[in-house]
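Quick look at my_file-v5.cif (mmCIF, C-alpha atoms):
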data_entry
#
loop_
_atom_site.label_atom_id
_atom_site.label_comp_id
_atom_site.auth_asym_id
_atom_site.auth_seq_id
_atom_site.Cartn_x
_atom_site.Cartn_y
_atom_site.Cartn_z
CA MET A 1 -18.09 -32.84 -12.45
CA VAL A 2 -17.23 -30.06 -14.90
CA ALA A 3 -20.69 -30.34 -16.51
CA ALA A 4 -22.36 -30.07 -13.08
CA SER A 5 -20.30 -27.00 -12.24
CA GLN A 6 -21.18 -25.40 -15.58
CA ASN A 7 -24.86 -26.17 -15.04
CA SER A 8 -24.71 -24.53 -11.59
CA VAL A 9 -23.20 -21.37 -13.06
CA GLU A 10 -25.89 -21.24 -15.77
CA GLN A 11 -28.66 -21.64 -13.17
CA SER A 12 -27.15 -18.90 -11.05
CA GLN A 13 -26.89 -16.52 -14.00
CA ALA A 14 -30.50 -17.31 -15.03
CA PHE A 15 -31.57 -16.40 -11.49
CA GLN A 16 -29.62 -13.14 -11.70
CA GLN A 17 -31.16 -12.33 -15.09
CA LEU A 18 -34.65 -12.83 -13.67
CA LYS A 19 -33.75 -10.62 -10.71
CA THR A 20 -32.48 -7.90 -13.07
CA ARG A 21 -35.74 -8.04 -15.03
CA LEU A 22 -37.81 -7.74 -11.86
CA HIS A 23 -35.60 -4.95 -10.58
CA ARG A 24 -36.26 -2.92 -13.75
CA ARG A 25 -40.01 -3.49 -13.40
CA MET A 26 -39.82 -2.23 -9.82
CA VAL A 27 -38.04 0.94 -10.92
CA ASP A 28 -40.76 1.53 -13.54
CA ALA A 29 -43.48 1.01 -10.92
CA ILE A 30 -42.09 3.38 -8.29
CA ASP A 31 -43.74 6.80 -7.97
CA VAL A 32 -40.59 8.92 -7.49
CA SER A 33 -42.53 11.98 -6.29
CA LYS A 34 -44.15 9.99 -3.48
CA ALA A 35 -40.99 8.02 -2.69
CA SER A 36 -39.13 11.23 -1.89
CA GLU A 37 -41.76 12.07 0.77
CA MET A 38 -41.52 8.68 2.53
CA THR A 39 -39.21 7.66 5.35
CA GLU A 40 -36.53 5.14 4.45
CA SER A 41 -38.24 2.52 6.64
CA ASP A 42 -41.59 2.94 4.88
CA LEU A 43 -39.92 2.98 1.46
CA ARG A 44 -38.05 -0.25 2.25
CA HIS A 45 -41.31 -1.87 3.40
CA GLN A 46 -43.18 -0.86 0.24
CA LEU A 47 -40.32 -1.91 -2.05
CA SER A 48 -40.14 -5.29 -0.32
CA ALA A 49 -43.91 -5.76 -0.77
CA LEU A 50 -43.63 -4.76 -4.44
CA ALA A 51 -40.75 -7.18 -5.01
CA SER A 52 -42.75 -9.99 -3.41
CA HIS A 53 -45.79 -9.12 -5.55
CA LEU A 54 -43.76 -9.15 -8.77
CA CYS A 55 -42.17 -12.48 -7.85
CA SER A 56 -45.57 -14.09 -7.29
CA HIS A 57 -46.79 -12.94 -10.73
CA GLU A 58 -43.63 -13.87 -12.63
CA ALA A 59 -44.16 -16.40 -15.42
CA VAL A 60 -41.20 -18.42 -14.18
CA GLU A 61 -42.34 -20.56 -11.27
CA LEU A 62 -40.37 -19.78 -8.09
CA ALA A 63 -40.48 -21.99 -5.03
CA PRO A 64 -41.31 -20.12 -1.78
CA ALA A 65 -37.70 -20.37 -0.58
CA ALA A 66 -36.36 -19.09 -3.93
CA ARG A 67 -38.93 -16.28 -3.85
CA GLU A 68 -37.62 -15.15 -0.43
CA VAL A 69 -34.08 -15.20 -1.77
CA MET A 70 -35.19 -13.23 -4.82
CA VAL A 71 -36.89 -10.53 -2.70
CA ARG A 72 -33.86 -10.25 -0.44
CA GLU A 73 -31.48 -9.96 -3.39
CA ILE A 74 -33.63 -7.34 -5.11
CA MET A 75 -33.49 -5.29 -1.90
CA ASP A 76 -29.71 -5.80 -1.87
CA GLU A 77 -29.60 -4.48 -5.45
CA ILE A 78 -31.33 -1.30 -4.30
CA TYR A 79 -29.73 -0.71 -0.89
CA GLY A 80 -26.77 -3.05 -0.55
CA PHE A 81 -24.06 -4.83 -2.49
CA GLY A 82 -26.25 -6.90 -4.80
CA PRO A 83 -24.89 -10.43 -5.37
CA LEU A 84 -21.85 -9.52 -3.25
CA GLU A 85 -23.92 -8.85 -0.12
CA PRO A 86 -23.15 -12.23 1.58
CA LEU A 87 -19.43 -11.73 0.93
CA MET A 88 -19.47 -8.18 2.31
CA ASN A 89 -21.23 -9.46 5.45
CA ASP A 90 -18.60 -12.17 6.05
CA LEU A 91 -16.19 -10.76 8.65
CA ASP A 92 -13.43 -13.16 7.55
CA VAL A 93 -13.38 -11.80 3.97
CA SER A 94 -10.73 -9.10 3.49
CA ASP A 95 -10.96 -8.64 -0.32
CA VAL A 96 -13.68 -9.18 -2.91
CA LEU A 97 -12.39 -9.48 -6.50
CA VAL A 98 -14.75 -9.54 -9.49
CA ASN A 99 -12.95 -10.48 -12.71
CA ALA A 100 -16.09 -11.16 -14.79
CA PRO A 101 -19.83 -11.75 -14.23
CA ASP A 102 -19.14 -15.44 -13.53
CA SER A 103 -15.72 -15.06 -11.91
CA VAL A 104 -15.73 -13.74 -8.33
CA PHE A 105 -12.90 -14.44 -5.89
CA ILE A 106 -12.36 -13.53 -2.25
CA GLU A 107 -9.39 -13.39 0.09
CA ARG A 108 -10.09 -15.11 3.37
CA ASN A 109 -7.44 -15.41 6.07
CA GLY A 110 -4.75 -14.42 3.60
CA LEU A 111 -5.67 -16.96 0.89
CA LEU A 112 -7.56 -16.46 -2.38
CA GLU A 113 -10.52 -18.72 -3.11
CA PRO A 114 -13.25 -18.80 -5.81
CA THR A 115 -16.92 -18.29 -4.97
CA ASP A 116 -20.20 -19.36 -6.58
CA VAL A 117 -21.41 -15.73 -6.76
CA THR A 118 -22.39 -14.57 -10.25
CA PHE A 119 -23.87 -11.54 -12.00
CA ALA A 120 -26.51 -11.84 -14.74
CA ASP A 121 -24.18 -10.53 -17.45
CA GLU A 122 -21.69 -7.74 -18.16
CA SER A 123 -24.46 -5.12 -18.27
CA HIS A 124 -25.60 -6.13 -14.78
CA LEU A 125 -22.04 -5.94 -13.47
CA LEU A 126 -21.47 -2.55 -15.12
CA ARG A 127 -24.68 -1.09 -13.62
CA PHE A 128 -23.68 -2.46 -10.23
CA ILE A 129 -20.23 -0.82 -10.48
CA GLN A 130 -21.77 2.49 -11.56
CA ARG A 131 -24.12 2.40 -8.57
CA LEU A 132 -21.29 1.73 -6.11
CA VAL A 133 -19.11 4.42 -7.68
CA GLY A 134 -22.03 6.85 -7.57
CA ARG A 135 -22.52 6.05 -3.88
CA ALA A 136 -18.91 7.14 -3.35
CA GLY A 137 -19.63 10.46 -5.08
CA ARG A 138 -17.68 9.57 -8.22
CA ARG A 139 -18.53 8.59 -11.80
CA ILE A 140 -17.28 5.93 -14.17
CA ASP A 141 -17.90 5.85 -17.93
CA GLU A 142 -15.98 5.71 -21.21
CA VAL A 143 -14.50 9.16 -20.55
CA SER A 144 -13.36 8.17 -17.06
CA PRO A 145 -13.09 4.36 -17.17
CA MET A 146 -11.01 3.84 -14.03
CA VAL A 147 -11.95 4.82 -10.46
CA ASP A 148 -10.34 4.43 -7.06
CA ALA A 149 -12.72 5.48 -4.29
CA LYS A 150 -13.82 4.94 -0.71
CA LEU A 151 -17.28 3.52 0.02
CA PRO A 152 -19.46 4.90 2.84
CA ASP A 153 -18.52 1.96 5.09
CA GLY A 154 -14.81 2.77 4.66
CA SER A 155 -14.02 -0.02 2.18
CA ARG A 156 -11.72 0.81 -0.74
CA LEU A 157 -13.09 0.29 -4.24
CA ASN A 158 -11.17 0.06 -7.50
CA ALA A 159 -13.06 -0.41 -10.76
CA VAL A 160 -11.91 -0.56 -14.38
CA ILE A 161 -14.31 -0.81 -17.32
CA PRO A 162 -13.89 -0.99 -21.12
CA PRO A 163 -12.09 0.24 -23.13
CA LEU A 164 -9.32 -0.16 -20.51
CA ALA A 165 -10.59 -3.54 -19.25
CA LEU A 166 -10.38 -5.72 -22.36
CA ARG A 167 -12.49 -8.59 -21.01
CA GLY A 168 -15.27 -6.52 -19.46
CA PRO A 169 -15.80 -4.59 -16.21
CA THR A 170 -13.67 -5.57 -13.23
CA LEU A 171 -14.03 -4.64 -9.57
CA SER A 172 -11.84 -4.94 -6.48
CA ILE A 173 -13.03 -4.12 -2.96
CA ARG A 174 -10.65 -4.00 0.01
CA ARG A 175 -12.92 -4.56 3.00
CA PHE A 176 -13.10 -2.15 5.91
CA LYS A 177 -13.13 -4.17 9.10
CA SER A 178 -15.23 -2.65 11.87
CA LYS A 179 -13.31 -4.78 14.38
CA ALA A 180 -9.70 -3.84 13.78
CA LEU A 181 -6.88 -6.28 14.42
CA LEU A 182 -5.09 -5.00 17.54
CA PHE A 183 -1.38 -5.12 18.30
CA ASP A 184 -2.09 -7.57 21.14
CA ASP A 185 -3.86 -9.83 18.62
CA MET A 186 -0.86 -9.69 16.28
CA VAL A 187 1.41 -10.81 19.11
CA ARG A 188 -0.94 -13.66 20.05
CA MET A 189 -1.15 -14.72 16.39
CA ALA A 190 2.67 -14.77 16.21
CA THR A 191 2.84 -12.07 13.54
CA LEU A 192 5.74 -10.85 15.67
CA ALA A 193 7.32 -11.90 18.96
CA PRO A 194 6.60 -10.04 22.23
CA ALA A 195 10.22 -8.82 22.39
CA MET A 196 9.84 -7.25 18.94
CA ALA A 197 6.57 -5.62 20.02
CA ASP A 198 8.28 -4.21 23.13
CA PHE A 199 11.01 -2.66 20.99
CA LEU A 200 8.54 -1.12 18.51
CA LYS A 201 6.48 0.31 21.37
CA THR A 202 9.55 2.02 22.81
CA ALA A 203 10.75 3.14 19.36
CA VAL A 204 7.43 4.91 18.74
CA ARG A 205 7.26 6.50 22.16
CA GLY A 206 10.92 7.51 21.88
CA ARG A 207 10.24 9.34 18.58
CA LEU A 208 12.28 7.21 16.18
CA ASN A 209 11.36 7.62 12.49
CA ILE A 210 10.00 4.31 11.17
CA VAL A 211 9.24 3.01 7.66
CA PHE A 212 7.14 -0.14 7.22
CA SER A 213 7.71 -2.07 3.99
CA GLY A 214 6.02 -5.05 2.37
CA GLY A 215 3.97 -6.24 -0.58
CA THR A 216 0.29 -5.63 -1.31
CA GLY A 217 -1.87 -7.01 1.49
CA ALA A 218 1.09 -7.76 3.74
CA GLY A 219 -0.38 -5.75 6.60
CA LYS A 220 1.71 -2.57 6.49
CA THR A 221 -1.18 -0.20 7.17
CA THR A 222 -2.54 -2.47 9.92
CA MET A 223 0.86 -2.46 11.61
CA LEU A 224 1.24 1.32 11.22
CA ASN A 225 -2.25 1.84 12.63
CA ASN A 226 -1.43 -0.38 15.61
CA VAL A 227 1.92 1.11 16.59
CA SER A 228 0.47 4.63 16.32
CA ARG A 229 -1.48 3.94 19.51
CA PHE A 230 1.81 4.32 21.39
CA ILE A 231 2.19 7.97 20.36
CA PRO A 232 1.76 10.06 23.55
CA THR A 233 -1.62 11.78 23.79
CA SER A 234 0.12 15.12 24.38
CA GLU A 235 1.41 15.24 20.78
CA ARG A 236 -0.24 16.70 17.68
CA VAL A 237 -0.33 14.27 14.73
CA VAL A 238 -1.15 14.94 11.08
CA THR A 239 -1.99 11.93 8.89
CA ILE A 240 -1.82 12.09 5.09
CA GLU A 241 -3.34 9.34 2.93
CA GLN A 242 -4.49 8.64 -0.59
CA THR A 243 -7.53 6.84 0.84
CA ALA A 244 -8.15 7.34 4.55
CA GLU A 245 -7.66 4.10 6.49
CA LEU A 246 -5.76 5.09 9.62
CA GLN A 247 -7.75 5.38 12.84
CA LEU A 248 -5.58 7.13 15.39
CA GLN A 249 -6.94 7.35 18.92
CA GLN A 250 -5.05 10.44 20.11
CA PRO A 251 -7.16 13.55 20.87
CA ASP A 252 -5.13 15.95 18.68
CA VAL A 253 -5.17 14.34 15.23
CA VAL A 254 -5.70 16.01 11.84
CA SER A 255 -6.54 13.52 9.06
CA LEU A 256 -5.96 14.66 5.47
CA GLU A 257 -6.96 12.76 2.33
CA MET A 258 -5.83 13.58 -1.21
CA ARG A 259 -8.39 14.57 -3.84
CA PRO A 260 -8.17 13.14 -7.37
CA ALA A 261 -8.66 15.27 -10.46
CA ASN A 262 -12.18 15.69 -11.82
CA VAL A 263 -13.33 14.54 -15.26
CA GLU A 264 -11.77 17.67 -16.81
CA GLY A 265 -8.44 16.78 -15.19
CA ARG A 266 -8.59 19.66 -12.70
CA GLY A 267 -8.79 20.09 -8.97
CA GLU A 268 -6.32 17.41 -7.89
CA ILE A 269 -4.82 17.81 -4.42
CA SER A 270 -1.91 15.37 -4.15
CA GLN A 271 -0.28 13.84 -1.11
CA ARG A 272 2.67 16.12 -1.79
CA ASP A 273 0.42 19.19 -1.66
CA LEU A 274 -1.02 17.98 1.64
CA LEU A 275 2.41 17.23 3.08
CA LYS A 276 3.71 20.69 2.20
CA ASN A 277 0.67 22.24 3.85
CA SER A 278 0.92 20.00 6.91
CA LEU A 279 4.29 21.55 7.80
CA ARG A 280 2.38 24.78 8.49
CA MET A 281 -0.05 23.04 10.87
CA ARG A 282 2.40 22.72 13.79
CA PRO A 283 2.56 18.90 13.81
CA ASP A 284 4.72 17.01 16.30
CA ARG A 285 4.60 13.99 14.00
CA ILE A 286 3.53 13.37 10.43
CA ILE A 287 2.24 9.99 9.29
CA VAL A 288 2.09 9.33 5.54
CA GLY A 289 -0.17 6.32 5.01
CA GLU A 290 1.74 5.18 1.93
CA ALA A 291 4.67 6.89 0.23
CA ARG A 292 4.06 6.73 -3.51
CA GLY A 293 5.87 9.59 -5.23
CA GLY A 294 7.51 12.97 -4.92
CA GLU A 295 6.00 13.62 -1.49
CA VAL A 296 8.81 11.45 -0.10
CA LEU A 297 11.19 14.43 -0.33
CA GLU A 298 8.96 16.55 1.93
CA MET A 299 8.44 13.58 4.27
CA LEU A 300 12.19 13.07 4.67
CA GLN A 301 12.64 16.81 5.12
CA ALA A 302 10.08 16.73 7.95
CA MET A 303 11.86 13.77 9.56
CA ASN A 304 15.16 15.66 9.32
CA THR A 305 13.85 18.95 10.71
CA GLY A 306 12.24 18.37 14.08
CA HIS A 307 9.29 16.07 13.33
CA ASP A 308 10.88 13.02 14.93
CA GLY A 309 8.64 10.03 15.38
CA SER A 310 7.13 10.31 11.91
CA MET A 311 6.15 7.13 10.06
CA SER A 312 5.14 5.83 6.64
CA THR A 313 4.73 2.66 4.57
CA VAL A 314 6.19 1.73 1.21
CA HIS A 315 5.61 -1.15 -1.22
CA ALA A 316 8.79 -3.23 -1.40
CA ASN A 317 10.04 -6.81 -1.52
CA ASP A 318 12.63 -6.37 1.21
CA THR A 319 14.37 -3.73 3.32
CA ARG A 320 16.98 -2.69 0.77
CA ASP A 321 14.37 -2.60 -1.97
CA ALA A 322 12.38 -0.18 0.23
CA LEU A 323 15.35 2.19 0.31
CA SER A 324 15.80 1.90 -3.46
CA ARG A 325 12.13 2.78 -3.95
CA LEU A 326 12.53 5.83 -1.71
CA GLU A 327 15.44 6.94 -3.89
CA MET A 328 13.29 6.50 -6.99
CA MET A 329 10.50 8.56 -5.40
CA ILE A 330 12.95 11.37 -4.64
CA ALA A 331 13.84 11.39 -8.35
CA LEU A 332 10.11 11.73 -9.12
CA SER A 333 9.94 14.88 -7.00
CA GLY A 334 11.63 16.86 -9.77
CA VAL A 335 14.46 18.02 -7.50
CA ASP A 336 17.83 17.25 -9.08
CA LEU A 337 19.63 15.58 -6.17
CA PRO A 338 22.76 13.47 -6.82
CA SER A 339 22.12 9.88 -5.78
CA ALA A 340 24.77 10.05 -3.04
CA ILE A 341 23.11 13.12 -1.51
CA ALA A 342 19.67 11.47 -1.75
CA ARG A 343 20.97 8.40 0.07
CA GLU A 344 22.57 10.48 2.81
CA TYR A 345 19.27 12.32 3.18
CA ILE A 346 17.40 9.01 3.56
CA ALA A 347 19.96 7.61 6.02
CA SER A 348 19.84 10.70 8.22
CA ALA A 349 16.03 10.72 8.30
CA ILE A 350 15.05 7.07 8.88
CA HIS A 351 16.03 5.16 11.99
CA ILE A 352 14.08 1.89 11.88
CA LEU A 353 12.88 -0.30 8.99
CA VAL A 354 10.18 -2.94 9.56
CA HIS A 355 9.56 -5.44 6.75
CA ILE A 356 6.30 -7.46 6.74
CA SER A 357 5.38 -10.35 4.44
CA ARG A 358 2.30 -12.42 3.69
CA LEU A 359 3.50 -16.01 3.44
CA SER A 360 2.21 -18.66 1.04
CA SER A 361 0.20 -20.09 3.96
CA GLY A 362 -1.70 -16.79 4.23
CA GLU A 363 -0.01 -15.88 7.53
CA ARG A 364 1.57 -12.46 7.98
CA LYS A 365 4.97 -12.16 9.64
CA VAL A 366 7.31 -9.34 10.55
CA MET A 367 10.31 -10.72 8.68
CA ARG A 368 12.84 -8.27 10.08
CA ILE A 369 13.23 -5.17 12.17
CA SER A 370 16.39 -3.36 11.11
CA GLU A 371 18.30 -0.19 11.94
CA LEU A 372 19.48 2.12 9.18
CA CYS A 373 22.74 3.15 10.80
CA ALA A 374 24.38 5.38 8.20
CA PHE A 375 25.38 5.85 4.58
CA GLN A 376 29.09 5.34 4.11
CA ASP A 377 31.47 4.32 1.34
CA GLY A 378 28.64 4.57 -1.19
CA ALA A 379 26.33 2.10 0.56
CA TYR A 380 23.72 1.95 3.29
CA SER A 381 24.78 0.46 6.61
CA ILE A 382 21.82 -1.69 7.71
CA GLU A 383 21.83 -3.99 10.74
CA ASP A 384 19.09 -6.51 11.51
CA ILE A 385 17.87 -6.35 15.11
CA PHE A 386 15.22 -9.07 14.92
CA VAL A 387 14.47 -11.54 12.12
CA TYR A 388 12.05 -14.34 11.24
CA ARG A 389 13.55 -17.46 9.66
CA MET A 390 11.13 -19.74 7.89
CA THR A 391 12.01 -23.42 7.57
CA GLY A 392 8.98 -24.76 5.67
CA ILE A 393 5.26 -25.55 5.85
CA ASP A 394 3.92 -28.03 8.41
CA SER A 395 1.25 -30.70 7.90
CA ALA A 396 -1.49 -28.21 8.87
CA GLY A 397 -0.41 -25.83 6.10
CA LYS A 398 1.10 -23.33 8.56
CA ALA A 399 4.55 -21.80 8.35
CA SER A 400 7.35 -23.44 10.31
CA GLY A 401 10.04 -21.15 11.61
CA ALA A 402 11.09 -18.91 14.48
CA PHE A 403 11.86 -15.32 15.44
CA TYR A 404 15.39 -14.47 16.54
CA ALA A 405 17.24 -11.61 18.16
CA THR A 406 20.46 -11.23 16.18
CA GLY A 407 22.57 -9.92 19.04
CA TYR A 408 22.93 -6.46 17.50
CA GLU A 409 22.31 -3.50 19.82
CA PRO A 410 20.87 -0.50 17.94
CA VAL A 411 22.81 2.76 17.90
CA ALA A 412 19.40 4.42 18.37
CA LEU A 413 19.40 3.24 22.00
CA GLN A 414 21.45 6.36 22.77
CA ARG A 415 18.72 8.54 21.25
CA LEU A 416 16.06 6.67 23.21
CA ALA A 417 18.02 7.03 26.47
CA ALA A 418 18.42 10.78 25.85
CA GLY A 419 14.62 10.98 25.59
CA GLY A 420 14.15 9.15 28.87
CA TYR A 421 13.44 5.70 27.43
CA ASP A 422 15.84 3.11 28.78
CA VAL A 423 15.72 -0.29 27.08
CA ASP A 424 16.86 -3.47 28.78
CA HIS A 425 19.98 -4.62 26.89
CA GLU A 426 18.95 -8.23 27.48
CA LEU A 427 16.20 -7.66 24.90
CA PHE A 428 18.86 -7.84 22.16
CA GLU A 429 20.80 -10.91 23.32
CA ALA A 430 21.20 -13.39 20.45
CA ARG A 431 18.56 -16.11 20.92
CA GLU A 432 15.36 -17.62 19.59
CA LEU A 433 12.44 -15.52 20.75
CA PRO A 434 9.36 -17.00 22.44
CA VAL A 435 6.05 -16.26 20.68
CA GLY A 436 2.42 -15.84 21.67
CA GLY A 437 1.29 -14.96 25.16
CA GLU A 438 0.18 -11.58 26.43
CA PHE A 439 1.73 -8.28 25.43
CA GLU A 440 2.03 -5.48 27.98
CA SER A 441 0.82 -2.44 26.04
#

Before anything else, please render the file you have as structure tokens.
Amino acid sequence: MVAASQNSVEQSQAFQQLKTRLHRRMVDAIDVSKASEMTESDLRHQLSALASHLCSHEAVELAPAAREVMVREIMDEIYGFGPLEPLMNDLDVSDVLVNAPDSVFIERNGLLEPTDVTFADESHLLRFIQRLVGRAGRRIDEVSPMVDAKLPDGSRLNAVIPPLALRGPTLSIRRFKSKALLFDDMVRMATLAPAMADFLKTAVRGRLNIVFSGGTGAGKTTMLNNVSRFIPTSERVVTIEQTAELQLQQPDVVSLEMRPANVEGRGEISQRDLLKNSLRMRPDRIIVGEARGGEVLEMLQAMNTGHDGSMSTVHANDTRDALSRLEMMIALSGVDLPSAIAREYIASAIHILVHISRLSSGERKVMRISELCAFQDGAYSIEDIFVYRMTGIDSAGKASGAFYATGYEPVALQRLAAGGYDVDHELFEARELPVGGEFES
């Protein structure tokens, strides 16, 4: 079995090596001066004919079916994602992870799985990475061996090459999904219960400040993107991100994206720079895609000074860890705030904390929706409003458990009522919450 698998990998790499050789011959045969005068459609047609011609004259005998595959893959090398093209066309794939020429993994429906995709060798993989990075308007080489960029289709790319990557070039692509997962879908999939969705909808409309926490790939940005649809269309929103992912539907939205430093280490525009500038743009709300550093101080300042309804995400293992990370980020801002003052600042700015997890089954769940009530006696006062309690994994590999209302009524209900948003108190009665069904958005 192992020998057969090894033989399959060797055959795949031999195919890729032949493709690389043919690709180079095509590049040598192209008349660049004439190519620049042709339409893309004509150029594609001629390149396809050239690839087919070279395949038919190759010393290695190729069956007709293999020849068609070879032509298609050569075209993918020029215009698409090379050996990764089938993976990038699979709508169920959320991440493509290349660890080595013969080690490509994907995440599908929340679970990692290996693939049979291979590159010819490290040189092939490196050229492929350089082409993708170049398509994003960036460069990667020994001087700048690490790149984080956005591809033209919106996907996020991260690449690391030697000398930083000790075992050869590596590549990670977070897919951009043209069909976004909607809030209604999340309710139907039992990512959260309808009662929890109702509360979040009212919390957003009622201008409560919300922080979404969770690990990598938990779905924080997806959740933030979804609840943002409940922001009234009459409000002006400024979004600030490291890599633009949010897709707000309101008419008055300004989207800002940070700019990394160039090869000489100059020209960086950080999220903190953007956040400081955004305060001069008359925003009603500010959304920081992911809080990472010193910009947290300006974000909390905005939340504390009239920009109610602002939101952000933070990497954290649980709700209290999220608050600890915010404290750490305040320390990174360079402002010498005593820890007690920093905690009071956080507690006065944030109203609601939403923690999301990706379970071992691949499912994503809103584990808890909590209220940050106050900071008193040297500690945060946090009360869970809704929680998910997992009891195990069933025979189908799915999580067993249930959502519950804890019986706690948020203090923020008074703020919501003052803004004209009355919430039915029965929503918070202690009970197990029904899941699935339709959500009234």

Note to self: Given the PyMOL selection byres ((chain A and resi 218) around 10) and the file above, list the residues it selects as a ChimeraX atom specification.
What the structure shows: /A:110,213-217,219-223,315,355-359,362-366

- Task: Decode the PyMOL selection byres ((chain A and resi 291) around 9) for the given file into explicit residues and return them as a ChimeraX atom specification.
- Result: /A:241,271,288-290,292-296,299,312-315,326,329

Resolved residues for the PyMOL selection byres ((chain A and resi 174) around 8) as a PyMOL selection string: chain A and resi 94-96+155-157+172-173+175-176

Could you work out an axis-aligned box for segment 380-392 of chain A, taking every atom the file lists and adding 8 Å on each side, and report centre and edge lengths in Å to one decimal, as lines of an AutoDock Vina configuration file?
center_x = 16.9
center_y = -11.4
center_z = 9.2
size_x = 31.8
size_y = 42.7
size_z = 27.8

#### Entry: Answer as JSON, numbers by chain, residues within 8 Å of (6.5, 11.0, 13.2) using all atoms listed in the file
{"A": [207, 208, 209, 210, 237, 284, 285, 286, 287, 303, 307, 308, 309, 310, 311]}

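Using all atoms listed in the file, the residues found no farther than 8 Å from segment 319-321 of chain A, other than those of its own chain fewer than 3 positions away, are Ser213, Ala316, Ser324, Arg325, Leu353, Val354 and His355 of chain A.
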
Taken to one decimal, the atom CA of Asp148 of chain A-atom CA of Asp116 of chain A distance is 25.8 Å

**Study point:** Spatial neighbours of Val117 of chain A, max dist 8 Å, only C-alpha atoms, sep filter under 2 positions, as number ranges by chain
**Key:** A: 12, 83-84, 102-104, 115, 119

Q.
Distance cut-off 10 Å, centre (-9.0, 7.7, -15.5) in file coordinates, counting only C-alpha atoms: which residues qualify? Return them as a list of chain:residue names.
A.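 Protein and nucleic acid residues near the point are A:Ile140, A:Asp141, A:Glu142, A:Val143, A:Ser144, A:Pro145, A:Met146, A:Val147, A:Asp148, A:Val160, A:Leu164, A:Pro260, A:Ala261, A:Asn262, A:Val263, A:Gly265.
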
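Nearest-residue note for Gly206 of chain A: choosing from A:Thr233, A:Asp184, A:His425, A:Leu416, the minimum distance belongs to A:Leu416, counting all atoms listed in the file.
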
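Proximity to Leu323 of chain A was assessed for A:Phe403, A:Leu132, A:Ala347, A:Ala190 counting all atoms listed in the file; the smallest distance is recorded for A:Ala347.
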
Can you tell me, as a list in words, what residues are no more than 12 Å from Ile341 of chain A when counting only C-alpha atoms, ignoring any on the same chain fewer than 5 positions away?
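Neighbouring residues, sequence-local ones excluded: Glu327, Ile330, Ala331, Val335, Asp336, Ile346, Ala347, Ser348, Phe375, Gln376, Gly378 and Ala379 of chain A.
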
Contacts of segment 391-397 of chain A at 9 Å (all atoms listed in the file; same-chain gap of 5+ positions) as number ranges by chain: A: 360-361, 402

re atom CA of Ile350 of chain A and atom CA of Leu413 of chain A: distance 14.3 Å

Next on the checklist: Taking all atoms listed in the file into account, name the residue in A:Ala418, A:Leu126, A:Leu192, A:Leu274 that is nearest to Gly401 of chain A.
Outcome noted: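 Checking each candidate against Gly401 of chain A, we get A:Leu192 as the closest.
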
Subject >> Point-to-point distance in Å for atom CA of Ala136 of chain A and atom CA of Arg167 of chain A >> reply: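 Atom CA of Ala136 of chain A lies at a distance of 24.5 Å from atom CA of Arg167 of chain A.
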
From the set A:Val253, A:Ala342, A:Met328, A:Met196, which residue has the shortest atom-to-atom contact distance to Thr406 of chain A, counting only C-alpha atoms?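 Smallest distance to Thr406 of chain A is found for A:Met196.
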
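The shortest atom-to-atom distance to Met186 of chain A, with only C-alpha atoms taken into account, belongs to A:Asn226 out of A:Asn226, A:Phe212, A:Gln249, A:Arg272.
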
How about completing segment 150-158 of chain A with N, CA and C atoms and giving it to me as a CSV table (one decimal), in the frame of the given file?
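Below you can see part.csv, which holds the result:
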chain,number,residue,atom,x,y,z
A,150,LYS,N,-13.5,5.5,-2.0
A,150,LYS,CA,-13.8,4.9,-0.7
A,150,LYS,C,-15.3,4.9,-0.6
A,151,LEU,N,-15.8,3.7,-0.2
A,151,LEU,CA,-17.3,3.5,0.0
A,151,LEU,C,-17.7,4.1,1.4
A,152,PRO,N,-19.0,4.3,1.6
A,152,PRO,CA,-19.5,4.9,2.8
A,152,PRO,C,-19.1,4.1,4.1
A,153,ASP,N,-18.9,2.8,3.9
A,153,ASP,CA,-18.5,2.0,5.1
A,153,ASP,C,-17.0,2.0,5.3
A,154,GLY,N,-16.3,2.7,4.5
A,154,GLY,CA,-14.8,2.8,4.7
A,154,GLY,C,-14.0,1.8,3.8
A,155,SER,N,-14.7,0.9,3.1
A,155,SER,CA,-14.0,0.0,2.2
A,155,SER,C,-13.5,0.7,1.0
A,156,ARG,N,-12.4,0.2,0.4
A,156,ARG,CA,-11.7,0.8,-0.7
A,156,ARG,C,-12.2,0.1,-2.0
A,157,LEU,N,-12.6,0.8,-3.0
A,157,LEU,CA,-13.1,0.3,-4.2
A,157,LEU,C,-12.2,0.7,-5.4
A,158,ASN,N,-11.9,-0.2,-6.2
A,158,ASN,CA,-11.2,0.1,-7.5
A,158,ASN,C,-11.9,-0.6,-8.6
